[in-house]
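Structure file input_28.cif; described as mmCIF, C-alpha atoms.
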data_upload
#
loop_
_atom_site.label_atom_id
_atom_site.label_comp_id
_atom_site.auth_asym_id
_atom_site.auth_seq_id
_atom_site.Cartn_x
_atom_site.Cartn_y
_atom_site.Cartn_z
CA MET A 246 84.73 118.66 121.48
CA ARG A 247 85.69 116.05 118.98
CA ASN A 248 88.74 117.80 117.77
CA PHE A 249 91.01 114.98 118.74
CA LEU A 250 90.91 113.71 115.16
CA PRO A 251 93.48 116.04 113.68
CA TRP A 252 95.78 115.27 116.55
CA ASN A 253 95.62 111.58 115.85
CA LEU A 254 96.28 112.17 112.20
CA HIS A 255 99.21 114.38 112.88
CA VAL A 256 100.64 112.08 115.47
CA ASN A 257 100.47 109.30 112.89
CA ARG A 258 102.14 111.42 110.30
CA PHE A 259 104.87 112.47 112.67
CA ALA A 260 105.38 108.85 113.59
CA ILE A 261 105.88 108.01 109.95
CA VAL A 262 108.22 110.90 109.39
CA ALA A 263 110.14 110.05 112.54
CA THR A 264 110.49 106.44 111.42
CA LEU A 265 111.78 107.56 108.05
CA LEU A 266 114.21 109.93 109.70
CA LEU A 267 115.52 107.24 111.99
CA ALA A 268 115.84 104.80 109.12
CA SER A 269 117.82 107.41 107.25
CA PHE A 270 120.26 107.93 110.07
CA ALA A 271 121.00 104.25 109.97
CA ALA A 272 121.47 104.43 106.22
CA ARG A 273 123.54 107.58 106.35
CA ALA A 274 126.74 107.05 104.49
CA THR A 275 129.77 108.40 106.25
CA ASP A 276 132.19 108.01 103.36
CA VAL A 277 130.45 109.94 100.62
CA PRO A 278 132.94 111.40 98.11
CA GLU A 279 133.33 115.16 98.30
CA PHE A 280 133.66 117.65 95.48
CA HIS A 281 134.44 121.32 95.79
CA LEU A 282 133.28 124.42 93.99
CA ALA A 283 134.18 128.02 94.69
CA ILE A 284 132.34 131.21 93.88
CA GLN A 285 134.59 134.16 93.13
CA ASP A 286 133.57 137.39 91.48
CA HIS A 287 130.12 135.85 91.01
CA ALA A 288 131.45 132.99 88.90
CA PHE A 289 132.06 129.31 89.62
CA GLN A 290 135.50 127.79 89.81
CA PRO A 291 135.63 125.38 88.13
CA ALA A 292 132.69 126.09 85.87
CA GLU A 293 132.66 122.46 84.84
CA LEU A 294 133.03 119.72 87.40
CA LYS A 295 133.32 116.01 86.69
CA VAL A 296 131.51 113.78 89.16
CA PRO A 297 130.91 110.03 89.18
CA ALA A 298 127.54 108.87 87.87
CA GLY A 299 125.47 106.50 89.97
CA VAL A 300 127.00 107.58 93.28
CA LYS A 301 125.74 109.91 95.94
CA PHE A 302 128.26 112.67 96.63
CA LYS A 303 128.66 115.79 98.69
CA LEU A 304 129.14 119.07 96.93
CA VAL A 305 130.85 121.74 99.00
CA VAL A 306 130.36 125.25 97.68
CA GLU A 307 132.61 127.97 99.01
CA ASN A 308 131.62 131.60 98.57
CA ARG A 309 134.69 133.85 98.43
CA ASP A 310 132.65 136.93 97.61
CA ALA A 311 131.39 139.48 100.09
CA ALA A 312 127.81 139.05 98.83
CA PRO A 313 125.49 136.13 99.53
CA GLU A 314 124.74 133.76 96.69
CA GLU A 315 122.21 131.03 96.15
CA PHE A 316 123.61 127.87 94.65
CA GLU A 317 120.85 126.33 92.60
CA SER A 318 120.18 123.67 90.02
CA THR A 319 116.79 122.92 88.57
CA GLU A 320 118.36 119.96 86.75
CA PHE A 321 119.60 118.08 89.78
CA ASN A 322 117.09 119.77 92.03
CA ARG A 323 119.11 121.52 94.69
CA GLU A 324 119.13 125.01 96.15
CA LYS A 325 121.01 126.48 99.04
CA ILE A 326 122.08 129.93 100.18
CA VAL A 327 125.84 130.33 100.49
CA LEU A 328 126.66 133.20 102.79
CA PRO A 329 129.57 135.60 102.19
CA ASN A 330 132.91 133.96 102.96
CA GLY A 331 131.04 130.85 103.94
CA THR A 332 130.61 127.32 102.68
CA ALA A 333 127.49 125.26 102.13
CA SER A 334 127.21 121.55 101.45
CA VAL A 335 124.55 119.76 99.51
CA TYR A 336 124.21 116.07 98.89
CA VAL A 337 123.60 115.22 95.27
CA GLY A 338 122.72 112.12 93.32
CA PRO A 339 123.15 109.32 92.50
CA LEU A 340 122.88 110.97 89.06
CA LYS A 341 122.43 109.27 85.73
CA PRO A 342 125.30 109.98 83.31
CA GLY A 343 124.85 113.36 81.66
CA SER A 344 125.38 117.08 81.96
CA TYR A 345 123.58 119.05 84.66
CA LYS A 346 123.55 122.83 84.76
CA PHE A 347 123.78 124.78 87.97
CA PHE A 348 123.82 128.51 88.61
CA GLY A 349 124.05 131.22 91.20
CA ASP A 350 120.49 132.43 91.45
CA PHE A 351 121.56 135.88 92.65
CA HIS A 352 123.97 136.43 89.75
CA PRO A 353 122.73 134.19 86.95
CA ASP A 354 124.42 136.31 84.27
CA THR A 355 127.89 135.25 85.37
CA ALA A 356 127.46 132.41 87.84
CA GLN A 357 126.87 129.45 85.53
CA GLY A 358 128.36 126.00 85.58
CA ARG A 359 127.64 122.35 85.09
CA LEU A 360 128.26 118.94 86.53
CA ILE A 361 129.35 116.23 84.16
CA ALA A 362 128.28 112.90 85.62
CA GLU A 363 130.11 109.99 84.02
CA MET B 59 117.09 146.13 87.27
CA PRO B 60 115.64 143.35 85.05
CA GLY B 61 117.55 140.79 87.10
CA VAL B 62 116.14 142.17 90.35
CA ALA B 63 112.63 142.29 88.93
CA LEU B 64 112.85 138.70 87.71
CA LEU B 65 114.00 137.13 90.96
CA VAL B 66 111.65 139.20 93.10
CA PHE B 67 108.82 138.33 90.74
CA ARG B 68 109.50 134.60 91.00
CA GLU B 69 109.59 134.57 94.78
CA VAL B 70 106.61 136.89 95.16
CA LEU B 71 104.64 134.76 92.72
CA GLU B 72 105.25 131.62 94.77
CA ALA B 73 103.97 133.30 97.91
CA ALA B 74 101.14 135.08 96.06
CA LEU B 75 99.75 131.82 94.68
CA ILE B 76 99.51 130.42 98.20
CA VAL B 77 97.96 133.62 99.53
CA SER B 78 95.40 133.57 96.69
CA ILE B 79 94.29 130.04 97.43
CA VAL B 80 93.97 130.83 101.13
CA CYS B 81 91.99 133.98 100.31
CA ALA B 82 89.64 132.01 98.11
CA ALA B 83 89.25 129.34 100.78
CA THR B 84 88.17 131.98 103.30
CA ARG B 85 85.82 133.77 100.94
CA GLY B 86 83.09 135.59 102.78
CA VAL B 87 84.67 135.22 106.20
CA ARG B 88 84.36 138.37 108.26
CA GLY B 89 87.61 140.06 109.12
CA ARG B 90 89.48 138.03 106.56
CA GLY B 91 91.27 141.03 105.09
CA PHE B 92 92.71 141.82 108.48
CA TYR B 93 94.01 138.28 108.90
CA VAL B 94 95.50 138.14 105.42
CA ALA B 95 97.23 141.50 105.86
CA GLY B 96 98.40 140.39 109.30
CA GLY B 97 99.78 137.15 107.87
CA ILE B 98 101.69 139.01 105.17
CA ALA B 99 103.06 141.54 107.66
CA LEU B 100 104.17 138.82 110.08
CA GLY B 101 105.72 136.94 107.19
CA LEU B 102 107.69 139.97 106.06
CA LEU B 103 108.90 140.65 109.58
CA GLY B 104 109.89 136.99 109.90
CA ALA B 105 111.66 137.11 106.53
CA ILE B 106 113.87 139.95 107.69
CA LEU B 107 114.65 138.18 110.95
CA VAL B 108 115.45 134.94 109.12
CA ALA B 109 117.70 136.76 106.67
CA LEU B 110 119.51 138.48 109.55
CA GLY B 111 119.89 135.15 111.31
CA ALA B 112 120.85 133.26 108.16
CA GLY B 113 124.36 132.69 109.42
CA ALA B 114 123.16 131.24 112.69
CA ILE B 115 120.58 129.05 110.95
CA ALA B 116 123.15 127.80 108.45
CA ASP B 117 125.47 126.65 111.22
CA LEU B 118 122.82 124.64 113.03
CA ALA B 119 122.72 120.86 112.84
CA SER B 120 126.27 120.60 111.51
CA GLY B 121 125.56 122.70 108.44
CA SER B 122 122.10 121.32 107.70
CA GLY B 123 120.25 124.08 109.51
CA GLN B 124 119.09 125.75 106.33
CA GLU B 125 117.61 122.54 104.99
CA LEU B 126 115.92 121.67 108.27
CA PHE B 127 114.44 125.16 108.37
CA ASN B 128 113.37 125.01 104.73
CA ALA B 129 111.70 121.67 105.38
CA GLY B 130 110.18 122.59 108.73
CA VAL B 131 108.43 125.72 107.54
CA PRO B 132 106.39 124.04 104.78
CA LEU B 133 105.71 121.00 106.98
CA ALA B 134 104.23 123.31 109.60
CA ALA B 135 102.04 124.80 106.87
CA VAL B 136 100.99 121.29 105.82
CA VAL B 137 99.79 120.52 109.34
CA MET B 138 97.80 123.77 109.47
CA ILE B 139 96.24 123.25 106.07
CA GLY B 140 95.39 119.70 107.09
CA TRP B 141 93.69 120.91 110.23
CA HIS B 142 91.70 123.48 108.27
CA VAL B 143 90.38 121.11 105.59
CA VAL B 144 89.48 118.41 108.11
CA TRP B 145 87.81 120.91 110.41
CA MET B 146 85.92 122.37 107.51
CA SER B 147 84.68 119.00 106.27
CA ARG B 148 83.44 118.21 109.73
CA HIS B 149 81.62 121.43 110.43
CA ALA B 150 80.21 121.90 106.97
CA ARG B 151 78.34 118.70 107.62
CA GLU B 152 77.17 119.71 111.06
CA LEU B 153 75.76 122.99 109.87
CA ALA B 154 74.26 121.59 106.72
CA GLN B 155 70.71 121.63 108.01
CA HIS B 156 70.77 125.25 109.02
CA MET B 157 72.63 127.11 106.38
CA GLY B 158 73.36 127.39 102.71
CA ALA B 159 76.67 126.24 101.30
CA VAL B 160 78.32 129.62 101.72
CA GLY B 161 77.09 130.09 105.26
CA GLN B 162 78.55 126.78 106.33
CA ALA B 163 81.88 127.47 104.80
CA VAL B 164 82.03 130.94 106.25
CA LYS B 165 81.24 129.62 109.68
CA ALA B 166 83.77 126.82 109.34
CA GLY B 167 86.36 129.01 107.73
CA SER B 168 86.31 131.63 110.44
CA SER B 169 87.26 129.11 113.07
CA SER B 170 90.53 128.22 111.46
CA LEU B 171 91.30 131.69 110.21
CA THR B 172 94.23 131.96 112.57
CA LEU B 173 95.72 128.80 111.10
CA LEU B 174 95.42 130.15 107.62
CA LEU B 175 96.98 133.40 108.75
CA ALA B 176 99.93 131.29 109.84
CA VAL B 177 100.03 129.53 106.47
CA ILE B 178 100.23 132.92 104.74
CA ALA B 179 102.90 134.13 107.15
CA LEU B 180 104.99 130.99 106.57
CA ALA B 181 104.71 131.29 102.78
CA VAL B 182 105.76 134.94 102.85
CA LEU B 183 108.54 134.23 105.33
CA ARG B 184 110.04 131.46 103.22
CA GLU B 185 110.11 133.33 99.93
CA GLY B 186 110.70 136.67 101.57
CA SER B 187 113.89 135.69 103.39
CA GLU B 188 115.41 134.69 100.08
CA VAL B 189 114.42 138.00 98.55
CA VAL B 190 115.96 139.91 101.45
CA LEU B 191 119.30 138.10 101.05
CA PHE B 192 119.17 138.63 97.31
CA LEU B 193 118.49 142.34 97.65
CA TYR B 194 121.33 142.61 100.14
CA SER B 195 123.58 140.89 97.62
CA MET B 196 122.44 143.27 94.89
CA ALA B 197 122.91 146.32 97.08
CA MET B 198 126.48 145.20 97.79
CA GLY B 199 127.06 144.92 94.08
CA GLY B 200 126.32 148.62 93.82
CA ILE B 201 123.13 148.42 91.81
CA GLY B 202 121.92 151.78 93.13
CA ALA B 203 118.70 152.74 94.84
CA ALA B 204 116.78 153.47 91.65
CA GLY B 205 117.54 150.11 90.07
CA LEU B 206 116.75 148.32 93.30
CA ALA B 207 113.47 150.14 93.88
CA GLY B 208 112.41 149.77 90.26
CA GLY B 209 113.18 146.06 90.27
CA ILE B 210 111.32 145.48 93.51
CA ALA B 211 108.30 147.43 92.26
CA LEU B 212 108.16 145.52 88.99
CA GLY B 213 108.74 142.16 90.63
CA VAL B 214 106.27 142.61 93.45
CA GLY B 215 103.73 144.17 91.07
CA GLY B 216 103.98 141.31 88.60
CA GLY B 217 103.78 138.60 91.25
CA VAL B 218 100.85 140.18 93.05
CA LEU B 219 99.05 140.70 89.74
CA LEU B 220 99.26 137.00 88.89
CA GLY B 221 98.12 136.18 92.41
CA PHE B 222 95.04 138.35 91.91
CA ALA B 223 94.46 136.71 88.52
CA LEU B 224 94.37 133.30 90.19
CA TYR B 225 92.09 134.61 92.94
CA PHE B 226 89.57 136.13 90.55
CA GLY B 227 89.80 133.07 88.35
CA LEU B 228 88.87 130.93 91.36
CA LEU B 229 85.94 133.21 92.17
CA ARG B 230 84.40 132.18 88.87
CA ILE B 231 83.91 128.65 90.11
CA PRO B 232 80.19 128.13 90.76
CA LEU B 233 79.32 128.55 94.44
CA ARG B 234 77.97 125.03 94.67
CA HIS B 235 81.42 123.63 93.97
CA PHE B 236 83.44 126.52 95.26
CA PHE B 237 84.61 125.26 98.62
CA SER B 238 85.12 121.71 97.39
CA ALA B 239 87.39 123.23 94.77
CA THR B 240 89.34 125.40 97.20
CA ASN B 241 89.64 122.46 99.62
CA ALA B 242 91.02 120.31 96.81
CA MET B 243 93.50 123.04 95.94
CA LEU B 244 94.58 123.31 99.56
CA VAL B 245 95.13 119.55 99.70
CA LEU B 246 97.25 119.58 96.53
CA LEU B 247 99.15 122.61 97.80
CA ALA B 248 99.88 120.79 101.05
CA ALA B 249 101.03 117.65 99.22
CA GLY B 250 103.37 119.75 97.10
CA LEU B 251 104.76 121.50 100.18
CA ALA B 252 105.43 118.13 101.80
CA SER B 253 107.22 116.92 98.67
CA GLY B 254 109.36 120.05 98.65
CA ALA B 255 110.21 119.54 102.31
CA ALA B 256 111.34 116.01 101.52
CA ARG B 257 113.62 117.39 98.83
CA PHE B 258 115.37 119.63 101.35
CA LEU B 259 115.78 116.79 103.83
CA LEU B 260 117.23 114.69 101.03
CA GLN B 261 119.60 117.51 100.12
CA ALA B 262 120.87 117.41 103.72
CA ASN B 263 121.17 113.62 103.54
CA ARG B 264 118.63 113.25 106.32
CA LEU B 265 116.35 110.94 104.40
CA PRO B 266 116.89 108.03 102.04
CA ALA B 267 116.15 109.02 98.43
CA LEU B 268 114.23 105.84 97.62
CA GLY B 269 115.33 106.40 94.05
CA GLU B 270 116.76 109.62 92.61
CA GLN B 271 115.44 111.03 89.33
CA LEU B 272 112.59 108.53 89.08
CA TRP B 273 111.62 110.14 85.81
CA ASP B 274 112.50 113.28 83.93
CA THR B 275 109.89 115.46 82.29
CA SER B 276 112.07 118.57 82.13
CA TRP B 277 111.97 118.34 78.32
CA LEU B 278 108.25 119.01 78.62
CA LEU B 279 108.19 121.40 81.58
CA SER B 280 111.31 122.29 83.51
CA ASN B 281 111.37 123.20 87.18
CA GLY B 282 112.98 126.50 86.31
CA SER B 283 110.30 127.69 83.89
CA LEU B 284 107.50 129.97 85.00
CA ALA B 285 104.85 127.34 84.28
CA GLY B 286 106.93 124.69 86.03
CA LYS B 287 107.34 126.83 89.13
CA THR B 288 103.66 127.74 89.16
CA LEU B 289 102.58 124.13 88.90
CA GLY B 290 105.23 123.32 91.47
CA VAL B 291 103.43 125.53 93.99
CA LEU B 292 99.88 124.64 92.99
CA VAL B 293 100.13 120.86 92.67
CA GLY B 294 103.71 120.04 93.65
CA TYR B 295 105.01 119.50 90.14
CA ASP B 296 108.63 118.36 89.99
CA ALA B 297 110.26 117.41 86.70
CA SER B 298 112.52 114.75 88.21
CA PRO B 299 111.45 113.83 91.72
CA ALA B 300 113.06 111.42 94.12
CA GLY B 301 111.08 108.52 95.55
CA ILE B 302 110.93 110.04 99.01
CA GLN B 303 109.16 113.09 97.58
CA LEU B 304 106.45 110.85 96.16
CA VAL B 305 106.14 109.17 99.56
CA PHE B 306 105.66 112.52 101.30
CA TYR B 307 103.23 113.64 98.61
CA ALA B 308 101.17 110.46 98.81
CA ILE B 309 101.11 110.36 102.62
CA THR B 310 99.88 113.96 102.74
CA LEU B 311 97.17 113.27 100.18
CA LEU B 312 96.03 110.11 101.95
CA VAL B 313 96.05 111.61 105.44
CA LEU B 314 94.24 114.79 104.41
CA LEU B 315 91.67 113.11 102.18
CA GLY B 316 91.15 110.36 104.75
CA GLY B 317 90.74 112.95 107.48
CA MET B 318 88.23 114.90 105.42
CA ARG B 319 86.21 111.78 104.71
CA TRP B 320 86.27 110.78 108.33
CA ALA B 321 85.21 114.23 109.42
CA ALA B 322 82.38 114.40 106.90
CA ARG B 323 80.89 111.05 107.90
CA PRO B 324 77.33 111.05 109.18
CA VAL B 325 77.10 111.90 112.87
CA ALA B 326 74.43 111.51 115.51
CA PRO B 327 71.47 113.85 114.98
CA ALA B 328 71.67 115.39 118.42
CA ARG B 329 75.26 116.02 119.41
CA THR B 330 75.58 113.41 122.10
CA ASP B 331 78.61 112.59 124.14
CA ALA B 332 81.75 113.35 122.17
CA ALA B 333 83.65 110.26 123.21
CA SER B 334 80.91 107.87 122.17
CA THR B 335 81.20 108.87 118.53
CA ARG B 336 84.81 107.87 118.37
CA GLY B 337 83.92 104.36 117.20
CA ALA B 338 80.99 103.57 114.97
CA ALA B 339 78.85 106.62 114.39
CA PRO B 340 75.13 106.04 114.87
CA ALA B 341 73.68 105.46 111.45
CA ARG B 342 71.50 108.16 110.07
CA PRO B 343 70.95 107.84 106.36
#
Please express what this file holds, its structure, as structure tokens.
Amino acid sequence: MRNFLPWNLHVNRFAIVATLLLASFAARATDVPEFHLAIQDHAFQPAELKVPAGVKFKLVVENRDAAPEEFESTEFNREKIVLPNGTASVYVGPLKPGSYKFFGDFHPDTAQGRLIAE
Amino acid sequence: MPGVALLVFREVLEAALIVSIVCAATRGVRGRGFYVAGGIALGLLGAILVALGAGAIADLASGSGQELFNAGVPLAAVVMIGWHVVWMSRHARELAQHMGAVGQAVKAGSSSLTLLLAVIALAVLREGSEVVLFLYSMAMGGIGAAGLAGGIALGVGGGVLLGFALYFGLLRIPLRHFFSATNAMLVLLAAGLASGAARFLLQANRLPALGEQLWDTSWLLSNGSLAGKTLGVLVGYDASPAGIQLVFYAITLLVLLGGMRWAARPVAPARTDAASTRGAAPARP
């Protein structure tokens, strides 16, 4: 039995992850600006949202529909299920100035929008 | 129906690529089909349970439950893949004198078959739960049974077909290099999973970004494109990754490759006391 090796490796990796996690709690900003989006009739309101560039912010997505939606952006790399009549928050950025598309993955025909970081 | 087919296809493809690599890595192992089918079935069952419990999961950890879940599932798969490749490197060496390359791998592969079953189950569970919620959403929208069934059939069919294409493509690799190749693919797959997990933890603000958008290659290959998604699964491609994702990717690569090297090092000719080999292994050129 020399199977202790993987354990050691994994313990090390967990130690690293745990350290990173702890470090992040210390660095966790409490006063991150918040921006709100709503989903209604499978469309975003507003469809265009201005956000500050170069700052981390919290995006709160409220789903007013009776169907689940997935809020997703391949341009600022986020995805999260928003349950019916529920809200979901994602932290975004800091983003470079520019326009970033997002969409509702379950209704991409109508649920389209973008963030304007400036 | 096209919308249903497209989303189902994308999710099925992601899971199918992982299943294909695992299937290739366990080539020739007896009872493999049973394990693979079992893994898929468990994954589907889990997907339904996760979708049903989505509300409860979402509310965990002050709203970060979904991210923690989406990070935990692939990280669990990373640990299992890591165990498999290290185990395999170790035992391939041990059996080298007695068997041909395939025999060794088969012997080694069968021992961690359960782990790989879990990897398959986790992959199916992750993609599957999203599909279940999507289909529920579609059904609420009044798409109708025919549209739903047609979309599912097309999507699943397409995804599985590409999975088989990858599998049979991999089978063309010469036997001599075959298991080195599948091990390498497993390592890259694991690194990509770890990077994806980091992205979810970042999304929940549980990790420092260590630099957002380090570069942007979406002009060349976007995350949303089919090729981008495929490479995302296979090697962890991300058009504009954050620093923490690179850290997770690199740590996984280093730990797995280091573990494989360690495991494949020369060992004592006659298996002596296990503990004594912990330090310097007796030299045997």
Inset, instruction - May I ask you to extract the residues of chain B within 9 Å of chain A, using all atoms listed in the file, and to give them as a PyMOL selection string? - result: chain B and resi 61-62+65+112-113+116+121-122+124-125+137+140-141+144-145+188+191-199+257-258+260-267+269-271+276+280-282+296-299+306+309-310+313-314+317+320-321+332-333+335-336
Keeping C-alpha atoms for every residue in the selection just given, could you write it to a file as a compact mmCIF listing (two decimals), in the coordinates of the input?
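Result file is selection-v1.txt:
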# COMPACT_ATOMS: atom_id res chain seq x y z
CA GLY B 61 117.55 140.79 87.10
CA VAL B 62 116.14 142.17 90.35
CA LEU B 65 114.00 137.13 90.96
CA ALA B 112 120.85 133.26 108.16
CA GLY B 113 124.36 132.69 109.42
CA ALA B 116 123.15 127.80 108.45
CA GLY B 121 125.56 122.70 108.44
CA SER B 122 122.10 121.32 107.70
CA GLN B 124 119.09 125.75 106.33
CA GLU B 125 117.61 122.54 104.99
CA VAL B 137 99.79 120.52 109.34
CA GLY B 140 95.39 119.70 107.09
CA TRP B 141 93.69 120.91 110.23
CA VAL B 144 89.48 118.41 108.11
CA TRP B 145 87.81 120.91 110.41
CA GLU B 188 115.41 134.69 100.08
CA LEU B 191 119.30 138.10 101.05
CA PHE B 192 119.17 138.63 97.31
CA LEU B 193 118.49 142.34 97.65
CA TYR B 194 121.33 142.61 100.14
CA SER B 195 123.58 140.89 97.62
CA MET B 196 122.44 143.27 94.89
CA ALA B 197 122.91 146.32 97.08
CA MET B 198 126.48 145.20 97.79
CA GLY B 199 127.06 144.92 94.08
CA ARG B 257 113.62 117.39 98.83
CA PHE B 258 115.37 119.63 101.35
CA LEU B 260 117.23 114.69 101.03
CA GLN B 261 119.60 117.51 100.12
CA ALA B 262 120.87 117.41 103.72
CA ASN B 263 121.17 113.62 103.54
CA ARG B 264 118.63 113.25 106.32
CA LEU B 265 116.35 110.94 104.40
CA PRO B 266 116.89 108.03 102.04
CA ALA B 267 116.15 109.02 98.43
CA GLY B 269 115.33 106.40 94.05
CA GLU B 270 116.76 109.62 92.61
CA GLN B 271 115.44 111.03 89.33
CA SER B 276 112.07 118.57 82.13
CA SER B 280 111.31 122.29 83.51
CA ASN B 281 111.37 123.20 87.18
CA GLY B 282 112.98 126.50 86.31
CA ASP B 296 108.63 118.36 89.99
CA ALA B 297 110.26 117.41 86.70
CA SER B 298 112.52 114.75 88.21
CA PRO B 299 111.45 113.83 91.72
CA PHE B 306 105.66 112.52 101.30
CA ILE B 309 101.11 110.36 102.62
CA THR B 310 99.88 113.96 102.74
CA VAL B 313 96.05 111.61 105.44
CA LEU B 314 94.24 114.79 104.41
CA GLY B 317 90.74 112.95 107.48
CA TRP B 320 86.27 110.78 108.33
CA ALA B 321 85.21 114.23 109.42
CA ALA B 332 81.75 113.35 122.17
CA ALA B 333 83.65 110.26 123.21
CA THR B 335 81.20 108.87 118.53
CA ARG B 336 84.81 107.87 118.37
Inset, instruction - Between CA of Ala256 (chain B) and CA of Tyr307 (chain B), measure the distance and give it in Å to one decimal. - result: 8.9 Å
Identify, on the basis of only C-alpha atoms, every residue whose closest approach to Leu219 (chain B) does not exceed 12 Å; exclude the query and any residue fewer than 4 positions from it along the same chain; express the result as an mmCIF file with C-alpha atoms, keeping the file's coordinate frame.
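Just written: selection32.cif:
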data_model
loop_
_atom_site.group_PDB
_atom_site.id
_atom_site.type_symbol
_atom_site.label_atom_id
_atom_site.label_comp_id
_atom_site.auth_asym_id
_atom_site.auth_seq_id
_atom_site.Cartn_x
_atom_site.Cartn_y
_atom_site.Cartn_z
ATOM 1 C CA PHE B 67 108.820 138.330 90.740
ATOM 2 C CA VAL B 70 106.610 136.890 95.160
ATOM 3 C CA LEU B 71 104.640 134.760 92.720
ATOM 4 C CA ALA B 74 101.140 135.080 96.060
ATOM 5 C CA LEU B 75 99.750 131.820 94.680
ATOM 6 C CA SER B 78 95.400 133.570 96.690
ATOM 7 C CA ALA B 211 108.300 147.430 92.260
ATOM 8 C CA LEU B 212 108.160 145.520 88.990
ATOM 9 C CA GLY B 213 108.740 142.160 90.630
ATOM 10 C CA VAL B 214 106.270 142.610 93.450
ATOM 11 C CA GLY B 215 103.730 144.170 91.070
ATOM 12 C CA ALA B 223 94.460 136.710 88.520
ATOM 13 C CA LEU B 224 94.370 133.300 90.190
ATOM 14 C CA TYR B 225 92.090 134.610 92.940
ATOM 15 C CA PHE B 226 89.570 136.130 90.550
#
For the structure provided, state which residues fall under the PyMOL selection byres ((chain B and resi 205) around 10), and present them as a tab-separated table (two decimals) with C-alpha atoms, keeping the file's coordinate frame.
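Just written: expr27.tsv:
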chain	number	residue	atom	x	y	z
B	59	MET	CA	117.09	146.13	87.27
B	60	PRO	CA	115.64	143.35	85.05
B	61	GLY	CA	117.55	140.79	87.10
B	62	VAL	CA	116.14	142.17	90.35
B	63	ALA	CA	112.63	142.29	88.93
B	196	MET	CA	122.44	143.27	94.89
B	197	ALA	CA	122.91	146.32	97.08
B	200	GLY	CA	126.32	148.62	93.82
B	201	ILE	CA	123.13	148.42	91.81
B	202	GLY	CA	121.92	151.78	93.13
B	203	ALA	CA	118.70	152.74	94.84
B	204	ALA	CA	116.78	153.47	91.65
B	206	LEU	CA	116.75	148.32	93.30
B	207	ALA	CA	113.47	150.14	93.88
B	208	GLY	CA	112.41	149.77	90.26
B	209	GLY	CA	113.18	146.06	90.27
B	210	ILE	CA	111.32	145.48	93.51
B	211	ALA	CA	108.30	147.43	92.26
Inset, instruction - I need the residue set behind the PyMOL selection byres ((chain B and resi 236) around 12) for this file; please write it as a ChimeraX atom specification. - result: /B:79,82-86,159-160,163-164,227-235,237-243
Inset, instruction - Could you state which residues are captured by the PyMOL selection byres ((chain A and resi 282-286) around 8) in this file, as a ChimeraX atom specification? - result: /A:280-281,287-291,304-310,356
Restricting the output to C-alpha atoms, write the selected residues as a PDB file, keeping the file's coordinate frame.
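So the final result, stored in part.pdb, reads:
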ATOM      1  CA  PHE A 280     133.660 117.650  95.480  1.00  0.00           C
ATOM      2  CA  HIS A 281     134.440 121.320  95.790  1.00  0.00           C
ATOM      3  CA  HIS A 287     130.120 135.850  91.010  1.00  0.00           C
ATOM      4  CA  ALA A 288     131.450 132.990  88.900  1.00  0.00           C
ATOM      5  CA  PHE A 289     132.060 129.310  89.620  1.00  0.00           C
ATOM      6  CA  GLN A 290     135.500 127.790  89.810  1.00  0.00           C
ATOM      7  CA  PRO A 291     135.630 125.380  88.130  1.00  0.00           C
ATOM      8  CA  LEU A 304     129.140 119.070  96.930  1.00  0.00           C
ATOM      9  CA  VAL A 305     130.850 121.740  99.000  1.00  0.00           C
ATOM     10  CA  VAL A 306     130.360 125.250  97.680  1.00  0.00           C
ATOM     11  CA  GLU A 307     132.610 127.970  99.010  1.00  0.00           C
ATOM     12  CA  ASN A 308     131.620 131.600  98.570  1.00  0.00           C
ATOM     13  CA  ARG A 309     134.690 133.850  98.430  1.00  0.00           C
ATOM     14  CA  ASP A 310     132.650 136.930  97.610  1.00  0.00           C
ATOM     15  CA  ALA A 356     127.460 132.410  87.840  1.00  0.00           C
TER      16      ALA A 356
END
Legend entry - Near-Tyr345 (chain A) list (7 Å; only C-alpha atoms; drop same-chain fewer than 2 positions) as a PyMOL selection string: chain A and resi 320-321+343+347+359-361
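Nearest to Gln303 (chain B) of all the residues B:Leu278, B:Ile98, B:Ala255, B:Leu133 is B:Ala255, counting all atoms listed in the file.
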Inset, instruction - Report the distance between CA of Val80 (chain B) and CA of Val177 (chain B) in Å, rounded to one decimal place. - result: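 Value for the CA of Val80 (chain B)-CA of Val177 (chain B) distance: 8.2 Å.
The coordinates place CA of Val305 (chain B) at 12.3 Å from CA of Leu272 (chain B).
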Centre and edges of the region 189-194 of chain B box, axis-aligned, 4 Å extra per side, as AutoDock Vina command-line options:
--center_x 117.9 --center_y 140.3 --center_z 99.4 --size_x 14.9 --size_y 12.6 --size_z 12.1
Inset, instruction - Give me the residues within 7 Å of Pro297 (chain A) as a PyMOL selection string, counting only C-alpha atoms and dropping any in the same chain fewer than 3 places off. - result: chain A and resi 300+362-363
